[in-house]
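Peer 1: See model_8.txt below, with compact mmCIF, C-alpha atoms and all ligand atoms.
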# COMPACT_ATOMS: atom_id res chain seq x y z
CA MET A 261 -26.65 16.78 50.69
CA LYS A 262 -25.55 19.97 48.98
CA ILE A 263 -22.39 19.35 47.00
CA LEU A 264 -20.24 21.70 44.93
CA VAL A 265 -18.14 19.99 42.25
CA THR A 266 -15.50 22.00 40.39
CA GLY A 267 -14.35 20.71 37.00
CA ALA A 268 -17.88 19.38 36.44
CA ALA A 269 -17.48 19.44 32.64
CA GLY A 270 -14.26 17.43 32.89
CA PHE A 271 -13.77 13.71 32.48
CA ILE A 272 -13.91 12.80 36.18
CA GLY A 273 -16.05 15.75 37.35
CA SER A 274 -18.88 14.98 34.92
CA GLU A 275 -18.96 11.30 35.91
CA LEU A 276 -18.98 12.18 39.60
CA SER A 277 -21.65 14.87 39.13
CA LEU A 278 -23.83 12.38 37.26
CA ARG A 279 -23.48 9.85 40.07
CA LEU A 280 -24.35 12.48 42.72
CA ALA A 281 -27.28 13.88 40.72
CA LYS A 282 -28.67 10.35 40.27
CA GLU A 283 -28.45 9.85 44.03
CA GLY A 284 -30.67 12.93 44.40
CA HIS A 285 -28.17 15.34 45.94
CA ASP A 286 -28.30 19.06 45.28
CA VAL A 287 -25.27 19.44 42.97
CA THR A 288 -23.68 22.70 41.84
CA GLY A 289 -21.10 22.32 39.07
CA VAL A 290 -18.33 24.81 38.33
CA ASP A 291 -16.28 24.80 35.12
CA CYS A 292 -14.98 27.39 32.65
CA PHE A 293 -14.71 24.95 29.70
CA THR A 294 -11.03 25.62 28.98
CA PRO A 295 -9.97 24.99 25.36
CA TYR A 296 -7.12 22.64 26.48
CA TYR A 297 -8.95 19.93 24.54
CA ASP A 298 -12.14 19.69 22.45
CA VAL A 299 -14.73 21.91 24.17
CA SER A 300 -17.64 20.19 22.42
CA LEU A 301 -16.78 16.97 24.29
CA LYS A 302 -17.06 18.95 27.56
CA ARG A 303 -20.40 20.40 26.45
CA ASP A 304 -21.68 16.93 25.56
CA ARG A 305 -20.65 15.58 28.95
CA VAL A 306 -22.64 18.32 30.67
CA LYS A 307 -25.68 17.76 28.42
CA ARG A 308 -26.10 14.40 30.20
CA LEU A 309 -26.64 16.36 33.41
CA ALA A 310 -29.30 18.66 31.98
CA ALA A 311 -32.00 16.07 32.71
CA TYR A 312 -31.48 16.54 36.46
CA GLU A 313 -33.29 19.46 38.10
CA ASN A 314 -31.05 19.03 41.15
CA PHE A 315 -27.97 19.94 39.05
CA ARG A 316 -26.98 23.45 38.05
CA MET A 317 -23.88 24.85 36.44
CA HIS A 318 -21.77 27.96 37.02
CA GLU A 319 -19.60 28.68 33.99
CA VAL A 320 -16.76 30.46 35.81
CA LYS A 321 -13.03 30.27 36.39
CA VAL A 322 -11.92 29.02 39.79
CA GLU A 323 -9.38 31.84 39.99
CA ASP A 324 -12.21 34.42 39.69
CA GLU A 325 -12.79 35.15 43.38
CA ALA A 326 -16.05 37.08 42.96
CA ALA A 327 -17.62 34.48 40.67
CA MET A 328 -16.54 31.67 42.98
CA THR A 329 -17.98 33.51 45.98
CA ALA A 330 -21.32 33.67 44.14
CA ALA A 331 -21.14 29.97 43.25
CA PHE A 332 -20.50 29.06 46.89
CA GLN A 333 -23.37 31.29 48.04
CA ASP A 334 -25.69 29.67 45.52
CA SER A 335 -24.64 26.17 46.55
CA ALA A 336 -24.19 26.62 50.35
CA PRO A 337 -22.35 23.29 50.18
CA ASP A 338 -21.95 20.60 52.83
CA ILE A 339 -19.19 19.00 50.77
CA VAL A 340 -16.89 20.44 48.09
CA VAL A 341 -15.09 18.22 45.57
CA HIS A 342 -12.45 20.27 43.77
CA LEU A 343 -11.48 18.63 40.48
CA ALA A 344 -11.00 21.68 38.22
CA ALA A 345 -7.38 21.98 37.18
CA GLN A 346 -5.09 22.50 34.30
CA ALA A 347 -4.21 18.81 33.93
CA GLY A 348 -1.61 17.06 31.79
CA VAL A 349 2.05 16.37 32.47
CA ARG A 350 3.39 17.09 28.99
CA TYR A 351 1.47 20.33 28.31
CA SER A 352 2.94 21.80 31.51
CA LEU A 353 6.39 21.91 29.90
CA ASP A 354 5.26 24.67 27.48
CA HIS A 355 2.38 26.31 29.39
CA PRO A 356 3.52 26.64 33.03
CA ARG A 357 1.51 29.81 33.81
CA GLU A 358 -1.83 28.12 33.21
CA TYR A 359 -0.94 25.63 35.95
CA ILE A 360 0.02 28.35 38.42
CA SER A 361 -3.22 30.21 37.73
CA SER A 362 -5.74 27.32 37.80
CA ASN A 363 -4.03 24.95 40.20
CA ILE A 364 -2.56 27.34 42.78
CA VAL A 365 -4.60 30.58 42.64
CA GLY A 366 -7.82 28.72 41.76
CA SER A 367 -7.31 26.02 44.38
CA PHE A 368 -6.59 28.66 47.02
CA ASN A 369 -9.97 30.30 46.26
CA VAL A 370 -11.74 26.97 46.72
CA ILE A 371 -9.86 26.17 49.95
CA GLU A 372 -10.50 29.66 51.36
CA LEU A 373 -14.22 29.67 50.43
CA ALA A 374 -14.63 26.18 51.88
CA ARG A 375 -13.27 27.56 55.17
CA GLN A 376 -15.61 30.57 55.09
CA HIS A 377 -18.59 28.26 54.52
CA ASN A 378 -17.55 25.95 57.35
CA ILE A 379 -18.16 22.89 55.19
CA ARG A 380 -18.32 19.30 56.42
CA HIS A 381 -15.63 17.95 54.07
CA LEU A 382 -13.29 19.42 51.46
CA VAL A 383 -12.11 16.84 48.91
CA LEU A 384 -9.34 17.90 46.52
CA ALA A 385 -7.86 16.13 43.51
CA SER A 386 -4.14 15.59 43.48
CA THR A 387 -2.10 13.17 41.41
CA SER A 388 0.31 10.24 41.37
CA SER A 389 2.72 12.73 39.74
CA ALA A 390 3.15 14.19 43.23
CA TYR A 391 5.43 11.19 43.98
CA GLY A 392 7.82 12.60 41.35
CA ALA A 393 11.22 10.94 41.36
CA ASN A 394 10.36 8.49 44.17
CA GLN A 395 11.78 5.02 43.52
CA LYS A 396 10.11 3.07 46.34
CA PHE A 397 7.15 1.05 45.04
CA PRO A 398 4.25 0.92 45.60
CA PHE A 399 3.84 4.61 46.44
CA GLU A 400 2.46 5.09 49.96
CA GLU A 401 0.78 8.27 51.15
CA THR A 402 3.24 8.50 54.06
CA ASP A 403 6.26 8.56 51.69
CA ALA A 404 7.94 11.96 51.56
CA ALA A 405 7.46 13.48 48.09
CA PRO A 406 9.90 16.36 47.80
CA HIS A 407 10.99 15.90 44.17
CA PRO A 408 8.27 16.84 41.62
CA LEU A 409 9.45 16.49 38.00
CA THR A 410 7.06 18.95 36.31
CA ILE A 411 5.25 22.21 37.00
CA TYR A 412 2.01 20.21 36.96
CA ALA A 413 3.23 18.05 39.84
CA ALA A 414 4.70 21.06 41.65
CA THR A 415 1.40 22.98 41.51
CA LYS A 416 -0.56 19.96 42.76
CA LEU A 417 1.89 19.51 45.65
CA SER A 418 1.59 23.24 46.39
CA SER A 419 -2.18 23.02 46.68
CA GLU A 420 -1.80 19.99 48.97
CA LEU A 421 0.38 22.13 51.27
CA ILE A 422 -1.94 25.17 51.17
CA ALA A 423 -4.88 22.90 52.04
CA HIS A 424 -2.92 21.44 54.95
CA SER A 425 -2.13 24.81 56.47
CA HIS A 426 -5.77 25.91 56.18
CA SER A 427 -6.97 22.63 57.66
CA HIS A 428 -4.59 23.14 60.59
CA LEU A 429 -5.46 26.79 61.17
CA TYR A 430 -9.23 26.59 60.67
CA GLY A 431 -10.09 22.91 61.19
CA THR A 432 -11.56 22.24 57.71
CA PRO A 433 -11.77 18.43 57.32
CA THR A 434 -9.76 17.91 54.14
CA THR A 435 -8.91 14.87 52.01
CA LEU A 436 -6.39 15.01 49.18
CA LEU A 437 -6.90 12.33 46.53
CA ARG A 438 -3.92 11.16 44.50
CA PHE A 439 -5.36 9.68 41.31
CA PHE A 440 -3.43 7.20 39.16
CA SER A 441 -3.92 7.35 35.31
CA VAL A 442 -7.68 7.36 35.02
CA TYR A 443 -9.24 6.01 31.79
CA GLY A 444 -12.67 5.09 30.46
CA PRO A 445 -15.69 6.33 28.45
CA TRP A 446 -16.00 10.14 28.04
CA GLY A 447 -12.22 10.29 28.72
CA ARG A 448 -9.61 12.93 28.02
CA PRO A 449 -8.40 13.26 24.41
CA ASP A 450 -4.89 14.28 25.56
CA MET A 451 -4.25 11.01 27.41
CA ALA A 452 -2.46 7.99 25.94
CA PHE A 453 -5.44 5.61 25.96
CA PHE A 454 -7.50 8.11 23.94
CA LEU A 455 -4.68 9.18 21.59
CA PHE A 456 -3.77 5.56 20.81
CA THR A 457 -7.39 4.60 20.12
CA ASP A 458 -7.98 7.67 17.96
CA ARG A 459 -4.85 7.12 15.86
CA ILE A 460 -5.37 3.38 15.43
CA PHE A 461 -8.90 4.00 14.15
CA LYS A 462 -7.54 6.67 11.76
CA GLY A 463 -4.70 4.40 10.57
CA GLN A 464 -2.08 6.83 11.93
CA PRO A 465 1.11 5.77 13.79
CA ILE A 466 1.18 6.04 17.60
CA ASP A 467 4.08 7.51 19.60
CA VAL A 468 5.45 5.03 22.12
CA TYR A 469 7.77 6.69 24.61
CA ASN A 470 10.81 5.12 26.28
CA HIS A 471 10.51 2.41 23.59
CA GLY A 472 7.51 1.01 25.48
CA ASP A 473 9.44 0.46 28.70
CA LEU A 474 6.92 2.26 30.98
CA MET A 475 4.47 0.94 33.57
CA ARG A 476 1.31 2.63 34.76
CA ASP A 477 -1.21 1.85 37.46
CA PHE A 478 -4.36 2.44 35.36
CA THR A 479 -7.64 3.18 37.17
CA TYR A 480 -11.01 2.69 35.49
CA VAL A 481 -13.21 5.77 35.86
CA ASP A 482 -16.23 3.99 37.41
CA ASP A 483 -13.95 2.51 40.08
CA LEU A 484 -12.47 5.93 40.74
CA VAL A 485 -15.91 7.53 41.12
CA GLU A 486 -16.96 4.77 43.52
CA ALA A 487 -13.86 5.40 45.63
CA ILE A 488 -14.38 9.20 45.65
CA ARG A 489 -18.04 8.74 46.56
CA ARG A 490 -17.18 6.56 49.56
CA LEU A 491 -14.37 8.84 50.71
CA MET A 492 -16.70 11.87 50.63
CA ASP A 493 -18.50 10.26 53.59
CA LYS A 494 -15.24 9.81 55.53
CA PRO A 495 -13.99 13.23 56.60
CA PRO A 496 -10.73 12.96 58.54
CA VAL A 497 -10.89 13.55 62.28
CA LYS A 498 -7.79 14.98 63.97
CA GLY A 499 -6.20 12.47 66.33
CA GLU A 500 -8.22 9.52 64.95
CA PRO A 501 -6.08 7.52 62.50
CA VAL A 502 -7.71 4.40 60.99
CA THR A 503 -4.54 2.39 60.33
CA ARG A 504 -0.94 2.27 61.53
CA ASN A 505 0.22 3.85 58.28
CA ASP A 506 -2.59 6.43 58.03
CA SER A 507 -1.39 9.65 56.37
CA LEU A 508 -3.56 11.64 58.79
CA SER A 509 -1.77 14.85 59.80
CA PRO A 510 -0.72 15.00 63.47
CA VAL A 511 -1.93 18.62 63.65
CA ALA A 512 -5.00 18.82 61.37
CA PRO A 513 -8.06 16.88 60.16
CA TYR A 514 -6.23 16.25 56.88
CA ARG A 515 -5.16 13.14 55.01
CA LEU A 516 -3.86 12.00 51.64
CA VAL A 517 -5.39 8.96 49.94
CA ASN A 518 -4.19 7.13 46.81
CA ILE A 519 -6.82 5.95 44.35
CA GLY A 520 -5.23 3.44 41.99
CA HIS A 521 -5.64 -0.15 40.88
CA ASN A 522 -2.54 -1.44 42.71
CA GLU A 523 -1.61 -3.39 39.55
CA PRO A 524 0.84 -1.66 37.20
CA VAL A 525 0.46 -2.64 33.55
CA ARG A 526 3.25 -2.57 30.96
CA LEU A 527 2.61 0.05 28.29
CA MET A 528 2.99 -2.55 25.51
CA ASP A 529 0.32 -4.74 27.16
CA TYR A 530 -1.98 -1.72 27.41
CA ILE A 531 -1.48 -1.00 23.70
CA GLU A 532 -2.16 -4.67 22.90
CA ALA A 533 -5.45 -4.48 24.83
CA ILE A 534 -6.46 -1.45 22.72
CA GLU A 535 -5.42 -3.22 19.48
CA THR A 536 -7.45 -6.30 20.48
CA SER A 537 -10.54 -4.21 21.28
CA ILE A 538 -10.34 -2.34 17.99
CA GLY A 539 -9.29 -5.38 15.96
CA ARG A 540 -6.34 -3.62 14.31
CA THR A 541 -2.58 -3.48 14.90
CA ALA A 542 -0.98 -0.09 15.54
CA VAL A 543 1.97 1.28 13.58
CA LYS A 544 4.36 2.26 16.38
CA ASN A 545 6.84 5.15 16.48
CA MET A 546 9.32 3.98 19.14
CA LEU A 547 10.69 7.11 20.85
CA ASP A 548 12.95 8.07 23.78
CA MET A 549 11.67 9.01 27.22
CA GLN A 550 9.83 12.38 27.35
CA PRO A 551 11.18 15.04 29.71
CA GLY A 552 9.22 15.07 32.98
CA ASP A 553 7.88 11.52 32.55
CA VAL A 554 8.30 8.82 35.18
CA LYS A 555 9.04 5.19 34.34
CA GLN A 556 6.54 3.64 36.69
CA THR A 557 3.55 4.46 38.89
CA TYR A 558 2.18 2.01 41.43
CA ALA A 559 -0.40 2.83 44.12
CA ASP A 560 -0.56 1.32 47.56
CA VAL A 561 -4.31 1.28 48.24
CA SER A 562 -4.39 -0.16 51.76
CA LEU A 563 -5.46 3.18 53.24
CA LEU A 564 -8.33 3.49 50.72
CA LYS A 565 -9.41 -0.03 51.67
CA ALA A 566 -9.21 0.66 55.41
CA LEU A 567 -11.30 3.83 55.01
CA THR A 568 -13.93 2.57 52.56
CA GLY A 569 -13.75 -1.24 52.36
CA TYR A 570 -13.34 -0.73 48.62
CA VAL A 571 -10.53 -0.93 46.06
CA PRO A 572 -10.67 -0.59 42.26
CA THR A 573 -11.12 -3.96 40.57
CA THR A 574 -11.84 -3.48 36.85
CA ASP A 575 -9.45 -5.45 34.68
CA VAL A 576 -7.66 -3.26 32.17
CA ARG A 577 -8.90 -5.34 29.20
CA ASP A 578 -12.53 -4.88 30.27
CA GLY A 579 -12.02 -1.16 30.95
CA ILE A 580 -10.37 -0.64 27.55
CA GLN A 581 -13.19 -2.55 25.84
CA SER A 582 -15.77 -0.22 27.47
CA PHE A 583 -13.78 2.81 26.34
CA VAL A 584 -13.43 1.58 22.75
CA ASP A 585 -17.17 0.75 22.67
CA TRP A 586 -17.92 4.31 23.81
CA TYR A 587 -15.47 5.79 21.26
CA ARG A 588 -17.16 3.83 18.45
CA ASP A 589 -20.58 4.97 19.53
CA TYR A 590 -19.59 8.65 20.03
CA TYR A 591 -17.26 9.22 17.03
CA LYS A 592 -18.57 6.53 14.63
CA PRO A 593 -15.08 6.01 13.11
CA ASP A 594 -15.68 2.82 11.05
N1 LIG B 601 -7.44 11.86 34.57
C1 LIG B 601 -6.37 11.46 35.25
O1 LIG B 601 -5.75 10.43 34.94
C2 LIG B 601 -5.91 12.24 36.45
C3 LIG B 601 -4.80 11.75 37.15
C4 LIG B 601 -4.35 12.45 38.26
C5 LIG B 601 -5.00 13.58 38.68
N2 LIG B 601 -6.06 14.05 37.98
C6 LIG B 601 -6.72 15.26 38.47
O2 LIG B 601 -8.11 15.02 38.52
C7 LIG B 601 -8.82 16.23 38.25
C8 LIG B 601 -9.81 16.02 37.12
O3 LIG B 601 -9.08 15.59 35.98
P1 LIG B 601 -9.77 15.18 34.62
O4 LIG B 601 -9.00 14.05 34.06
O5 LIG B 601 -11.23 15.08 34.78
O6 LIG B 601 -9.38 16.46 33.74
P2 LIG B 601 -10.27 17.36 32.78
O7 LIG B 601 -9.32 18.30 32.11
O8 LIG B 601 -11.13 16.51 31.91
O9 LIG B 601 -11.20 18.16 33.79
C9 LIG B 601 -10.82 19.35 34.41
C10 LIG B 601 -11.92 20.36 34.17
O10 LIG B 601 -11.54 21.56 34.85
C11 LIG B 601 -11.86 22.66 34.02
N3 LIG B 601 -10.95 23.74 34.37
C12 LIG B 601 -9.62 23.80 34.14
N4 LIG B 601 -9.13 24.96 34.60
C13 LIG B 601 -10.17 25.63 35.15
C14 LIG B 601 -10.30 26.89 35.78
N5 LIG B 601 -9.25 27.67 35.95
N6 LIG B 601 -11.52 27.27 36.23
C15 LIG B 601 -12.61 26.47 36.07
N7 LIG B 601 -12.54 25.27 35.44
C16 LIG B 601 -11.34 24.87 35.00
C17 LIG B 601 -11.68 22.19 32.61
O11 LIG B 601 -12.48 22.93 31.69
C18 LIG B 601 -12.10 20.72 32.70
O12 LIG B 601 -13.45 20.55 32.31
C19 LIG B 601 -7.76 17.29 37.96
O13 LIG B 601 -7.52 18.00 39.14
C20 LIG B 601 -6.54 16.46 37.57
O14 LIG B 601 -5.35 17.16 37.82
C21 LIG B 601 -6.54 13.41 36.87
Starting from the file, give its structure as structure tokens.
Ligand SMILES: NC(=O)c1ccc[n+]([C@@H]2O[C@H](COP(=O)([O-])OP(=O)(O)OC[C@H]3O[C@@H](n4cnc5c(N)ncnc54)[C@H](O)[C@@H]3O)[C@@H](O)[C@H]2O)c1

Peer 2:
Amino acid sequence: MKILVTGAAGFIGSELSLRLAKEGHDVTGVDCFTPYYDVSLKRDRVKRLAAYENFRMHEVKVEDEAAMTAAFQDSAPDIVVHLAAQAGVRYSLDHPREYISSNIVGSFNVIELARQHNIRHLVLASTSSAYGANQKFPFEETDAAPHPLTIYAATKLSSELIAHSHSHLYGTPTTLLRFFSVYGPWGRPDMAFFLFTDRIFKGQPIDVYNHGDLMRDFTYVDDLVEAIRRLMDKPPVKGEPVTRNDSLSPVAPYRLVNIGHNEPVRLMDYIEAIETSIGRTAVKNMLDMQPGDVKQTYADVSLLKALTGYVPTTDVRDGIQSFVDWYRDYYKPD
């Protein structure tokens, strides 16, 4: 298959591209290597792909319509997986425009070009943050989600809506994936699991928000990639729901799917797993809740299971151990 992956230098995009390249697909990656976090880590992720002749990279911004048109022409994709985004909940408080540009304008370009190319399946990354202030747990894809708490969440919800209208008007089979706190080797330096590990190795204190009273449904990256890979082969068909609570749109070949572990972990237990893996105890700065944060995330994954027969299974202690092993090998901190 010919597959276009945006955000191919990112944490998830590079892992997915590697998986697809190994399977022998013709993969075109798109990424502009934003300086949001260490660009050399992004370059190193992509270096792993250089060995594959069936992978090529376009270093462009998704909001650059002409460059994206060329990337689509070069790829002539059957499937598009759109992962490029300005990510991060906390950064969005101070840098809202970057989210509007990448996540709304950029996503519109991808959605519009996917329509023009009449692709088989458009797969777009969304987020558990889309559930915003919802208090019904676990989060189900059919729950209304009208109360985003940050610009990040609002831009992701906006691109979900734009994709729906295009899917309705033009019939593009479209799946929106709501990811839940993804962690693992080659991960993102702005996320808690990475920051905690980094600071513990350096003997620096870690910031623990809401005095540790937070719960997250953490998803190991290999499990996430497996779920995405299976869902790529399941384009929605209008009028053909697979379960009673399928999020399939009544008017379009469009559905939302959660990808989470369905097992929220207390933040303090997560920190303990990192401390155990490193063999050191963290000095903890106990702080109040951050603006825009939610207390708990919890994914219902019954739709993912019905569609793919698969749900994430990696235990958080094993996933953290793999991450810490990678960190040791990559940064050589000891
Ligand atoms: N990692 C998580 O826990 C998580 C959770 C929920 C949703 N998501 C979503 O999953 C997707 C991938 O996330 P990730 O964790 O791999 O993040 P990431 O930041 O590592 O990857 C995103 C990539 O997109 C690129 N990018 C950003 N803006 C761009 C633009 N305008 N044009 C071209 N490239 C651009 C960046 O350079 C980066 O390499 C994102 O859409 C994110 O919002 C991630």

Peer 1: Throw together the list of residues within 6 Å of ligand LIG 601 (chain B), counting only C-alpha atoms and all ligand atoms, and drop it here as a PyMOL selection string.

Peer 2: chain A and resi 267+269-273+291-294+320-323+343-347+362+385-387+439-442+448

Peer 1: Which residue gives the smallest distance to Arg515 in chain A among A:Asp575, A:Glu420, A:Glu313, A:Asp403, with only C-alpha atoms counted?

Peer 2: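 Selected residue with least distance to Arg515 in chain A: A:Glu420.
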
Peer 1: Considering all atoms listed in the file, return as a list in words whatever protein or nucleic-acid residues lie within 12 Å of range 354-356 of chain A, sequence-local ones (same chain, fewer than 2 positions apart) excluded.

Peer 2: Tyr296, Gln346, Ala347, Gly348, Val349, Arg350, Tyr351, Ser352, Glu358, Tyr359, Ile360, Ser361, Ser362, Asn363, Ile364, Thr410, Ile411, Tyr412, Ala413, Ala414, Thr415, Pro551 and Gly552 of chain A

Peer 1: Can you pull out every residue within 10 Å of Tyr430 in chain A, counting all atoms listed in the file, but drop anything in the same chain fewer than 4 positions away, and send it as an mmCIF file with C-alpha atoms, in the coordinates of the input?

Peer 2:
data_model
loop_
_atom_site.group_PDB
_atom_site.id
_atom_site.type_symbol
_atom_site.label_atom_id
_atom_site.label_comp_id
_atom_site.auth_asym_id
_atom_site.auth_seq_id
_atom_site.Cartn_x
_atom_site.Cartn_y
_atom_site.Cartn_z
ATOM 1 C CA GLU A 372 -10.500 29.660 51.360
ATOM 2 C CA ARG A 375 -13.270 27.560 55.170
ATOM 3 C CA GLN A 376 -15.610 30.570 55.090
ATOM 4 C CA ASN A 378 -17.550 25.950 57.350
ATOM 5 C CA HIS A 424 -2.920 21.440 54.950
ATOM 6 C CA SER A 425 -2.130 24.810 56.470
ATOM 7 C CA HIS A 426 -5.770 25.910 56.180
ATOM 8 C CA ALA A 512 -5.000 18.820 61.370
ATOM 9 C CA PRO A 513 -8.060 16.880 60.160
#

Peer 1: Can you measure CA of Leu278 in chain A to CA of Leu309 in chain A for me? One decimal in Å is fine.

Peer 2: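 CA of Leu278 in chain A sits 6.2 Å away from CA of Leu309 in chain A.
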
Peer 1: Interatomic distance between CA of Met317 in chain A and CA of Gly289 in chain A?

Peer 2: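 Interatomic distance, CA of Met317 in chain A to CA of Gly289 in chain A: 4.6 Å.
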
Peer 1: So, with all atoms listed in the file as the atoms that count, which of A:Ala268, A:Leu384, A:Val370, A:Leu564 lies closest to Asn522 in chain A?

Peer 2: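 Ranked by minimum distance to Asn522 in chain A, first place goes to A:Leu564.
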
Peer 1: Please compute the CA of Thr434 in chain A-CA of Asp324 in chain A distance, one decimal, in Å.

Peer 2: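 Interatomic distance, CA of Thr434 in chain A to CA of Asp324 in chain A: 22.1 Å.
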
Peer 1: Which residues are near Gln581 in chain A? Cut-off 10 Å, only C-alpha atoms, ignore same chain within fewer than 5 positions. Put them as an MDAnalysis selection string.

Peer 2: chainID A and resid 444:445 533:534 536:538 576 586:587

Peer 1: Could you name the residues that touch Thr457 in chain A at 12 Å or less, counting all atoms listed in the file, but leaving out those on the same chain fewer than 2 positions away, as a PyMOL selection string?

Peer 2: chain A and resi 443-445+447-455+459-467+530-543+580-581+583-588+591+593

Peer 1: Pick out the closest residue to Asp473 in chain A from this set: A:Arg526, A:Lys544, A:His318, A:Arg305. Count all atoms listed in the file.

Peer 2: A:Arg526

Peer 1: Env of Ala311 in chain A: 12 Å cut, atoms = all atoms listed in the file, seq-sep filter 4 positions within chain, self excluded. Answer as a PyMOL selection string.

Peer 2: chain A and resi 278+281-282+305-307+315-316

Peer 1: Considering all atoms listed in the file, can you say which of A:Met546, A:Leu264, A:Leu409, A:Leu373 comes closest to Val340 in chain A?

Peer 2: A:Leu264

Peer 1: Please tell me which residues are no farther than 12 Å from (-8.6, 2.0, 39.6) in the file, counting only C-alpha atoms, and write them as a PyMOL selection string.

Peer 2: chain A and resi 438-444+476-488+518-525+558-561+564+570-576+579

Peer 1: Rank nothing, just name the residue among A:His471, A:Met328, A:Tyr514, A:Val365 nearest to Glu500 in chain A, using all atoms listed in the file.

Peer 2: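 Of A:His471, A:Met328, A:Tyr514, A:Val365, the one nearest Glu500 in chain A, counting all atoms listed in the file, is A:Tyr514.
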
Peer 1: Using the atoms already present, construct N, CA and C atoms for range 458-472 of chain A and hand them back as a JSON list (two decimals), in the frame of the given file.

Peer 2:
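Produced file selection.json, reproduced below:
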[["chain", "number", "residue", "atom", "x", "y", "z"],
["A", 458, "ASP", "N", -7.65, 6.74, 19.04],
["A", 458, "ASP", "CA", -7.98, 7.67, 17.96],
["A", 458, "ASP", "C", -7.09, 7.41, 16.73],
["A", 459, "ARG", "N", -5.78, 7.29, 16.99],
["A", 459, "ARG", "CA", -4.85, 7.12, 15.86],
["A", 459, "ARG", "C", -4.98, 5.76, 15.21],
["A", 460, "ILE", "N", -5.23, 4.73, 16.02],
["A", 460, "ILE", "CA", -5.37, 3.38, 15.43],
["A", 460, "ILE", "C", -6.60, 3.36, 14.53],
["A", 461, "PHE", "N", -7.70, 3.95, 14.99],
["A", 461, "PHE", "CA", -8.90, 4.00, 14.15],
["A", 461, "PHE", "C", -8.63, 4.77, 12.85],
["A", 462, "LYS", "N", -7.81, 5.84, 12.95],
["A", 462, "LYS", "CA", -7.54, 6.67, 11.76],
["A", 462, "LYS", "C", -6.40, 6.12, 10.90],
["A", 463, "GLY", "N", -5.81, 4.99, 11.33],
["A", 463, "GLY", "CA", -4.70, 4.40, 10.57],
["A", 463, "GLY", "C", -3.42, 5.21, 10.68],
["A", 464, "GLN", "N", -3.30, 6.02, 11.74],
["A", 464, "GLN", "CA", -2.08, 6.83, 11.93],
["A", 464, "GLN", "C", -1.15, 6.15, 12.94],
["A", 465, "PRO", "N", 0.18, 6.39, 12.83],
["A", 465, "PRO", "CA", 1.11, 5.77, 13.79],
["A", 465, "PRO", "C", 0.94, 6.35, 15.19],
["A", 466, "ILE", "N", 1.23, 5.56, 16.21],
["A", 466, "ILE", "CA", 1.18, 6.04, 17.60],
["A", 466, "ILE", "C", 2.60, 6.24, 18.12],
["A", 467, "ASP", "N", 2.77, 7.24, 18.99],
["A", 467, "ASP", "CA", 4.08, 7.51, 19.60],
["A", 467, "ASP", "C", 4.21, 6.71, 20.89],
["A", 468, "VAL", "N", 5.24, 5.87, 20.95],
["A", 468, "VAL", "CA", 5.45, 5.03, 22.12],
["A", 468, "VAL", "C", 6.75, 5.47, 22.80],
["A", 469, "TYR", "N", 6.60, 6.11, 23.96],
["A", 469, "TYR", "CA", 7.77, 6.69, 24.61],
["A", 469, "TYR", "C", 8.58, 5.67, 25.41],
["A", 470, "ASN", "N", 9.85, 6.01, 25.63],
["A", 470, "ASN", "CA", 10.81, 5.12, 26.28],
["A", 470, "ASN", "C", 10.78, 3.71, 25.65],
["A", 471, "HIS", "N", 10.53, 3.68, 24.35],
["A", 471, "HIS", "CA", 10.51, 2.41, 23.59],
["A", 471, "HIS", "C", 9.58, 1.39, 24.23],
["A", 472, "GLY", "N", 8.53, 1.89, 24.89],
["A", 472, "GLY", "CA", 7.51, 1.01, 25.48],
["A", 472, "GLY", "C", 7.84, 0.56, 26.89]]
